[in-house]
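In what follows, a structure is listed as structure tokens, so that the remarks can point back to it.
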Amino acid sequence: MFTRYGAFLLVLFLLCASREAEGQQYTVSGFIKDSTNGESLPGATIQVLHSTTGVQTNNYGFYSITLPAGNYILLYSFLGYESKAVALTLNENITQNLELFPRSYQAKEVVITDKRKDANVKSTDMGRAELTSIQVKKLPALMGEVDVLKALQLMPGVQAAGEGNAGFYVRGGGPDQNLILLDEAPVYNTGHLFGFFSVFNADAIRNTTLIKGGMPANYGGRLSSVVDIAMKEGNNKKFQGEGGIGLIASRLSFQGPLKKDKASFIVSGRRTYIDLITKPFINKTNYKGSGYYFYDLNVKMNYIFSDRDRLYLSGYLGKDVFSFNNNDRSFNVKIPWGNTTATLRWNHVFNKKLFANTSLIYNDYKFQFSAVQNNFDIRLSSGISDANIKTDFDYYAHVNHHIKFGANYIYHTFTPSTVSGNQDTTKFSPENAFKKYAHEVALYLMDDWEISPHLQLNAGVRYSGFMQIGPYTRYTRDAAGNKTDSIVYRRWQPVIRYGGFEPRVILRWSWNDLNSIKAAVTRNYQFIHLVSNAGTTLPTDVWVPSTYLVQPQLSWQYSAGYFRNFNNNTYEASAEVYYKSMEHQIEYREGYTPSLTDPEQDFVFGKGEAYGLELFVNKKKGRFTGWLGYTLAWTWRQFPDLNDGKRYPAKYDRRHDLALVGTYDLDKHWTLSGVFIYGTGNTTTLPETFYFMETTLIQGYGSINSYRLAAYHRLDLSAIYTPTPKKPRRIKSSWTFSIYNVYSRKNPYFIYFDQQGNVLNGTLEVSAKQVSLFPILPSVTYNFRF
């Protein structure tokens, strides 16, 4: 397989070299930045006037375009910015750095998007959505907390994990099948307040990109999607700040130059004060110290050494702490969990055509649970940490060829569900700490090739490898699960290896500037897994590696779509169909409960498939903007050890999913927005029969997920008021008023069965009752900038 794909890409390289040899050619390259703050503009367009030739800047604002010797006019543009035309005489290589000026509309902050006007038609991107923090801040939010992950749930093919939850499922994949990156660092747990809010502070975020269709070869390690979140770089022109005060949390950010035009920083923090609000209502005599809070902190710095070198350092620290203290020690609980990430990146321009980014990345997620009841003490912990080095190259071989290649190495440390404790003087602990260690490597090569003005091909191949290593003890067990023998692996000694090639092909054919058809085929491996038990909560949701018992997940995804722009690119529309097959899916066995054994002893394995249709219409220009997204989808699972081996709908199978989003700039003071959501009810497993064993009522369950909850629908509204100060002030403020669930729909969260009466006198009645979380919730947030 490697020979076949390698030969194909080698032909592309040779073609590039042969075309470049035709006549004398020169290269124009440089960086495009925002003139007001010095931040790079990824996705800015450089167009050769009176031709179809053009390129876009990469994720760091760098571009390179090679042309025959001659006179040209290059048009530099970026949506929301003033375009700039530059006349050049090409008789040598030229470095052309440029700053673009933002346009303003009715004195409002400009909406920036890194998409050129016809990108959805002309590019090879499929299943791609991009949002800026400015766009997200205009949408209604639960309790006023702006959330980029909840905004992504409004896109077709993306489903919310539950009422008010920041978790999401993409095209039939589980929550662990989404690769979520913050400045290239993977984030393994994205939720505050047990998942109701995400860990991403919108004040610190520049833009968010979701890829759920044809995943290019530079991404890997997950089956379903990539969410690539980029932090702001910091203003290198002047100092500024912003913040907000909401109902449950406040936030504050500072940014400015460390050295004007050369170095900058941004610091952004957020903290909830739920603990302070509830403190007066807590009985200090019996429950002193009980409460809940979360916080997060984003930090980023960068330094421009020269036109060739730039260094970035960014980090994130976030934590949730829940505690319940009974002063007589009859029952005390403490549950802290959180993420830490750090990224050091070096941009280097080797020459006019070759750009490189090298990153050192560290990330750590820990979950802990401790409880004391009288003389019984129990502790549970789980987590995952990575040390990561990666390098990526952009090679602009020809104006029609943008080649990317790179490598990645990760050292994983897994701690899945370690349980320990004691009762009086008796201590108990697991047979070992269950810690596991692994190497993960990847190499990739891809070419975005514009074969003709009508035909474009993005072809690539990625090789991914994974190896579990020692120290580790592997036990041999009999049919009853008893240990019969063991094999001890020393530190760094290989335990088992996995790996394979992942071809990625995306083809675009457009017959004019307004219409195109795209098709994609992608193969993905996933070596690490989040295993969740539907009957319990966080303590049993653990990250585990591929081992001799747990094989890597594997998927093939096929997708095709029609893309169309209308009314001078004011509207963009698309219709996509997809089919995805998934192997080696993981669930807990039936009847699983946490124990002192290695969790992988309780896993069962099966397969899945998902298919559907996604429709999307987006209005991008004018005082009224917004989109309509609709998904028709099916998601199935089949496990030999579950549901008698019969296929069943996954818990995130949802037939219909609809989102309608609108924003209207009423005048220079008011911006109005609304969101309407409708979704088919989630699947669930409910008891079908009830019977007595002596005087105990026993429930007999039916097939897995054979019942469906009532449909989910909700309307949210918000209004942003920006007052005009009576005299010029350095502080600009605004008020955000929002209403979550306007008509107070009682959406189902789960169903339980209530018992009333007595079995002995024949008056026992069993009834199903629905639990709903959020009625109508108004909120107000005060925002300020200076």
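Letters A, B, ... mark the chains of the structure tokens in the order given; residue numbers begin at 1 per chain; ligand numbers begin at 1, in order shown.
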Sorted per-residue table, segment 196-248 of chain A near segment 22-34 of chain A, closest atoms and distance, 12 Å, only C-alpha atoms, as a tab-separated table:
residue	atom	partner	partner_atom	distance
A:Glu233	CA	A:Asp34	CA	11.3
A:Gly234	CA	A:Asp34	CA	11.4
A:Asn235	CA	A:Asp34	CA	9.7
A:Asn236	CA	A:Asp34	CA	10.3
A:Lys237	CA	A:Asp34	CA	10.3
Any chance you could list, as JSON, numbers by chain, the residues in segment 117-272 of chain A that come up strand (DSSP E) when DSSP is run on the backbone?
{"A": [128, 129, 130, 131, 132, 158, 159, 160, 168, 169, 170, 178, 179, 180, 181, 182, 185, 186, 191, 192, 197, 198, 205, 206, 207, 208, 209, 210, 211, 225, 226, 227, 228, 229, 230, 231, 240, 241, 242, 243, 244, 245, 249, 250, 251, 252, 253, 254, 255, 256, 257, 258, 259, 263, 264, 265, 266, 267, 268, 269, 270, 271, 272]}
Within 12 Å of Val742 of chain A using only C-alpha atoms, minus same-chain residues under 5 positions, as a PyMOL selection string:
chain A and resi 140+142+674-677+713-718+774-779
Would you kindly return, as number ranges by chain, each protein, DNA or RNA residue with an atom no farther than 6 Å from any atom of segment 615-618 of chain A, considering only C-alpha atoms and excluding same-chain residues fewer than 3 positions away?
A: 571-575, 626-630
Run DSSP on the backbone and give me the residues of segment 101-282 of chain A it puts in helix (DSSP H, G or I), as a PyMOL selection string.
chain A and resi 119-122+133-137+142-144+148-152+175-177+193-195+202-204+274-281
For those residues, write N, CA and C atoms to a file as a tab-separated table (two decimals), in the first residue's frame.
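The result, written out as out_8.tsv:
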chain	number	residue	atom	x	y	z
A	119	ALA	N	-14.91	30.43	-1.09
A	119	ALA	CA	-14.14	29.31	-0.56
A	119	ALA	C	-14.95	28.03	-0.51
A	120	ASN	N	-16.24	28.13	-0.19
A	120	ASN	CA	-17.02	26.91	-0.07
A	120	ASN	C	-17.20	26.22	-1.42
A	121	VAL	N	-17.09	26.97	-2.53
A	121	VAL	CA	-17.21	26.40	-3.87
A	121	VAL	C	-15.86	25.98	-4.42
A	122	LYS	N	-14.84	26.84	-4.28
A	122	LYS	CA	-13.57	26.63	-4.96
A	122	LYS	C	-12.57	25.75	-4.19
A	133	SER	N	-14.78	34.20	17.63
A	133	SER	CA	-15.35	34.49	18.94
A	133	SER	C	-16.35	35.64	18.86
A	134	ILE	N	-16.15	36.56	17.90
A	134	ILE	CA	-17.09	37.67	17.73
A	134	ILE	C	-18.45	37.16	17.29
A	135	GLN	N	-18.46	36.19	16.36
A	135	GLN	CA	-19.72	35.60	15.93
A	135	GLN	C	-20.39	34.86	17.09
A	136	VAL	N	-19.62	34.10	17.83
A	136	VAL	CA	-20.17	33.30	18.92
A	136	VAL	C	-20.76	34.19	20.00
A	137	LYS	N	-20.12	35.32	20.29
A	137	LYS	CA	-20.59	36.20	21.35
A	137	LYS	C	-21.94	36.84	21.04
A	142	LEU	N	-26.49	29.97	27.50
A	142	LEU	CA	-27.03	29.49	28.76
A	142	LEU	C	-26.40	30.26	29.91
A	143	MET	N	-27.23	30.93	30.71
A	143	MET	CA	-26.79	31.72	31.85
A	143	MET	C	-25.75	32.77	31.46
A	144	GLY	N	-25.78	33.18	30.19
A	144	GLY	CA	-24.89	34.23	29.73
A	144	GLY	C	-23.47	33.81	29.45
A	148	VAL	N	-18.06	28.27	22.62
A	148	VAL	CA	-17.79	27.95	21.22
A	148	VAL	C	-18.24	26.54	20.87
A	149	LEU	N	-18.15	25.60	21.81
A	149	LEU	CA	-18.56	24.23	21.51
A	149	LEU	C	-20.07	24.12	21.34
A	150	LYS	N	-20.83	24.89	22.11
A	150	LYS	CA	-22.28	24.88	21.92
A	150	LYS	C	-22.66	25.54	20.60
A	151	ALA	N	-21.88	26.52	20.16
A	151	ALA	CA	-22.14	27.13	18.85
A	151	ALA	C	-21.90	26.12	17.74
A	152	LEU	N	-20.90	25.25	17.88
A	152	LEU	CA	-20.66	24.23	16.88
A	152	LEU	C	-21.80	23.23	16.80
A	175	PRO	N	-18.10	10.66	21.72
A	175	PRO	CA	-17.43	11.90	22.15
A	175	PRO	C	-15.91	11.82	22.11
A	176	ASP	N	-15.35	10.62	22.25
A	176	ASP	CA	-13.89	10.49	22.21
A	176	ASP	C	-13.35	10.52	20.79
A	177	GLN	N	-14.23	10.46	19.79
A	177	GLN	CA	-13.78	10.43	18.40
A	177	GLN	C	-13.61	11.82	17.81
A	193	LEU	N	-18.53	22.37	35.15
A	193	LEU	CA	-19.83	22.13	35.76
A	193	LEU	C	-20.44	20.83	35.24
A	194	PHE	N	-19.63	19.74	35.29
A	194	PHE	CA	-20.04	18.42	34.85
A	194	PHE	C	-20.55	18.43	33.40
A	195	GLY	N	-19.92	19.29	32.58
A	195	GLY	CA	-20.22	19.30	31.15
A	195	GLY	C	-21.17	20.36	30.68
A	202	ALA	N	-14.19	32.49	25.50
A	202	ALA	CA	-14.28	33.14	24.19
A	202	ALA	C	-13.40	34.38	24.09
A	203	ASP	N	-13.11	35.04	25.20
A	203	ASP	CA	-12.26	36.24	25.16
A	203	ASP	C	-10.83	35.92	24.73
A	204	ALA	N	-10.40	34.68	24.92
A	204	ALA	CA	-9.02	34.30	24.60
A	204	ALA	C	-8.90	33.64	23.23
A	274	ILE	N	-20.32	30.58	41.87
A	274	ILE	CA	-21.42	29.80	42.40
A	274	ILE	C	-21.22	29.53	43.89
A	275	ASP	N	-19.96	29.26	44.27
A	275	ASP	CA	-19.68	28.98	45.68
A	275	ASP	C	-19.96	30.20	46.55
A	276	LEU	N	-19.67	31.41	46.05
A	276	LEU	CA	-19.92	32.61	46.83
A	276	LEU	C	-21.41	32.93	46.94
A	277	ILE	N	-22.15	32.66	45.83
A	277	ILE	CA	-23.59	32.92	45.83
A	277	ILE	C	-24.31	32.00	46.79
A	278	THR	N	-23.90	30.72	46.81
A	278	THR	CA	-24.61	29.74	47.64
A	278	THR	C	-24.11	29.71	49.09
A	279	LYS	N	-22.98	30.35	49.35
A	279	LYS	CA	-22.39	30.27	50.69
A	279	LYS	C	-23.33	30.74	51.80
A	280	PRO	N	-24.08	31.85	51.61
A	280	PRO	CA	-24.97	32.28	52.70
A	280	PRO	C	-26.08	31.28	53.00
A	281	PHE	N	-26.37	30.39	52.05
A	281	PHE	CA	-27.48	29.46	52.23
A	281	PHE	C	-27.03	28.10	52.75
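Using only C-alpha atoms for every distance, the candidate list A:Trp492, A:Tyr525, A:Tyr444, A:Tyr72 yields A:Tyr525 as the residue closest to Phe466 of chain A.
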When you count only C-alpha atoms, which of these residues is closest to Thr413 of chain A: A:Met582, A:Leu445, A:Ile528, A:Leu154?
A:Ile528
Out of A:Pro552, A:Gln601, A:Tyr411, A:Val372, which residue has the shortest atom-to-atom distance to Asn482 of chain A when counting only C-alpha atoms?
A:Gln601
Neighbouring residues of Gly499 of chain A were defined as those with any atom within 12 Å, considering only C-alpha atoms; residues of the same chain fewer than 3 positions away were excluded. Please report them as a compact mmCIF listing (two decimals) with N, CA and C atoms, in the first residue's frame.
# COMPACT_ATOMS: atom_id res chain seq x y z
N GLY A 221 -5.60 10.59 14.45
CA GLY A 221 -5.77 10.11 15.81
C GLY A 221 -7.20 10.00 16.27
N HIS A 439 3.85 4.75 23.03
CA HIS A 439 4.36 5.66 22.01
C HIS A 439 3.33 5.74 20.89
N GLU A 440 3.14 6.95 20.35
CA GLU A 440 2.32 7.12 19.15
C GLU A 440 3.09 7.99 18.17
N VAL A 441 3.17 7.55 16.92
CA VAL A 441 3.91 8.28 15.90
C VAL A 441 3.04 8.45 14.66
N ALA A 442 3.36 9.47 13.88
CA ALA A 442 2.65 9.70 12.62
C ALA A 442 3.55 10.43 11.64
N LEU A 443 3.43 10.07 10.37
CA LEU A 443 4.09 10.75 9.25
C LEU A 443 3.03 11.01 8.20
N ARG A 462 -1.26 9.21 5.30
CA ARG A 462 -0.73 9.35 6.66
C ARG A 462 -0.42 7.95 7.19
N TYR A 463 0.73 7.81 7.79
CA TYR A 463 1.02 6.55 8.48
C TYR A 463 0.98 6.81 9.98
N SER A 464 0.18 6.02 10.69
CA SER A 464 0.05 6.15 12.14
C SER A 464 0.49 4.85 12.80
N GLY A 465 1.29 4.96 13.85
CA GLY A 465 1.74 3.79 14.59
C GLY A 465 1.58 3.98 16.08
N PHE A 466 1.39 2.89 16.79
CA PHE A 466 1.15 2.93 18.24
C PHE A 466 1.81 1.70 18.87
N MET A 467 2.46 1.92 20.01
CA MET A 467 3.11 0.80 20.69
C MET A 467 2.94 0.96 22.20
N GLN A 468 2.27 -0.01 22.83
CA GLN A 468 2.22 -0.04 24.29
C GLN A 468 3.56 -0.56 24.80
N ILE A 496 2.91 -4.46 22.71
CA ILE A 496 2.23 -4.78 21.45
C ILE A 496 2.30 -3.57 20.54
N GLU A 502 -3.25 5.58 6.21
CA GLU A 502 -4.54 6.24 6.16
C GLU A 502 -4.58 7.13 4.91
N ASN A 524 -9.25 6.42 8.86
CA ASN A 524 -8.72 6.95 10.12
C ASN A 524 -8.51 5.84 11.13
N TYR A 525 -7.38 5.92 11.83
CA TYR A 525 -7.12 5.08 13.00
C TYR A 525 -7.30 5.91 14.26
N GLN A 526 -7.70 5.23 15.35
CA GLN A 526 -7.76 5.86 16.66
C GLN A 526 -7.23 4.87 17.69
N PHE A 527 -6.16 5.27 18.39
CA PHE A 527 -5.47 4.36 19.29
C PHE A 527 -5.82 4.55 20.76
N SER A 546 -4.85 1.48 23.32
CA SER A 546 -4.91 0.19 22.65
C SER A 546 -3.88 -0.73 23.31
N GLN A 551 -8.07 -3.37 20.66
CA GLN A 551 -7.54 -3.02 19.36
C GLN A 551 -7.89 -1.58 19.00
N PRO A 552 -7.11 -0.95 18.12
CA PRO A 552 -7.42 0.43 17.73
C PRO A 552 -8.72 0.49 16.92
N GLN A 553 -9.44 1.58 17.08
CA GLN A 553 -10.62 1.81 16.27
C GLN A 553 -10.19 2.19 14.84
N LEU A 554 -11.05 1.83 13.89
CA LEU A 554 -10.75 2.08 12.48
C LEU A 554 -12.03 2.48 11.77
Can you pull out every residue within 10 Å of Lys436 of chain A, counting only C-alpha atoms, but drop anything in the same chain fewer than 2 positions away, and send it as a PyMOL selection string?
chain A and resi 384+412-416+433-434+438+468-473+544-547
Set the distance at 8 Å and use only C-alpha atoms: which residues neighbour Ala249 of chain A once local chain neighbours fewer than 2 positions away are removed? I'd like the list as an NGL selection string.
:A and (145 or 245-247 or 251 or 270-274)
Could you save the residues just selected, with N, CA and C atoms, as an mmCIF file, in the first residue's frame?
data_model
loop_
_atom_site.group_PDB
_atom_site.id
_atom_site.type_symbol
_atom_site.label_atom_id
_atom_site.label_comp_id
_atom_site.auth_asym_id
_atom_site.auth_seq_id
_atom_site.Cartn_x
_atom_site.Cartn_y
_atom_site.Cartn_z
ATOM 1 N N GLU A 145 -23.155 32.494 29.560
ATOM 2 C CA GLU A 145 -21.794 32.018 29.350
ATOM 3 C C GLU A 145 -21.589 31.642 27.886
ATOM 4 N N ILE A 245 -19.124 40.647 33.341
ATOM 5 C CA ILE A 245 -19.676 40.210 34.618
ATOM 6 C C ILE A 245 -21.038 39.583 34.340
ATOM 7 N N GLY A 246 -21.160 38.288 34.616
ATOM 8 C CA GLY A 246 -22.394 37.572 34.343
ATOM 9 C C GLY A 246 -23.042 37.069 35.616
ATOM 10 N N LEU A 247 -24.071 36.242 35.438
ATOM 11 C CA LEU A 247 -24.826 35.742 36.584
ATOM 12 C C LEU A 247 -24.035 34.740 37.406
ATOM 13 N N ARG A 251 -15.132 37.380 33.856
ATOM 14 C CA ARG A 251 -13.918 37.130 33.087
ATOM 15 C C ARG A 251 -13.182 38.461 32.866
ATOM 16 N N ARG A 270 -11.064 33.442 33.877
ATOM 17 C CA ARG A 270 -12.498 33.359 34.141
ATOM 18 C C ARG A 270 -12.694 32.535 35.410
ATOM 19 N N ARG A 271 -13.660 32.955 36.240
ATOM 20 C CA ARG A 271 -13.978 32.196 37.443
ATOM 21 C C ARG A 271 -15.466 32.318 37.746
ATOM 22 N N THR A 272 -16.042 31.195 38.130
ATOM 23 C CA THR A 272 -17.424 31.220 38.579
ATOM 24 C C THR A 272 -17.473 31.616 40.042
ATOM 25 N N TYR A 273 -18.619 32.168 40.463
ATOM 26 C CA TYR A 273 -18.803 32.464 41.880
ATOM 27 C C TYR A 273 -20.065 31.789 42.401
ATOM 28 N N ILE A 274 -20.318 30.582 41.866
ATOM 29 C CA ILE A 274 -21.425 29.797 42.401
ATOM 30 C C ILE A 274 -21.217 29.532 43.888
#
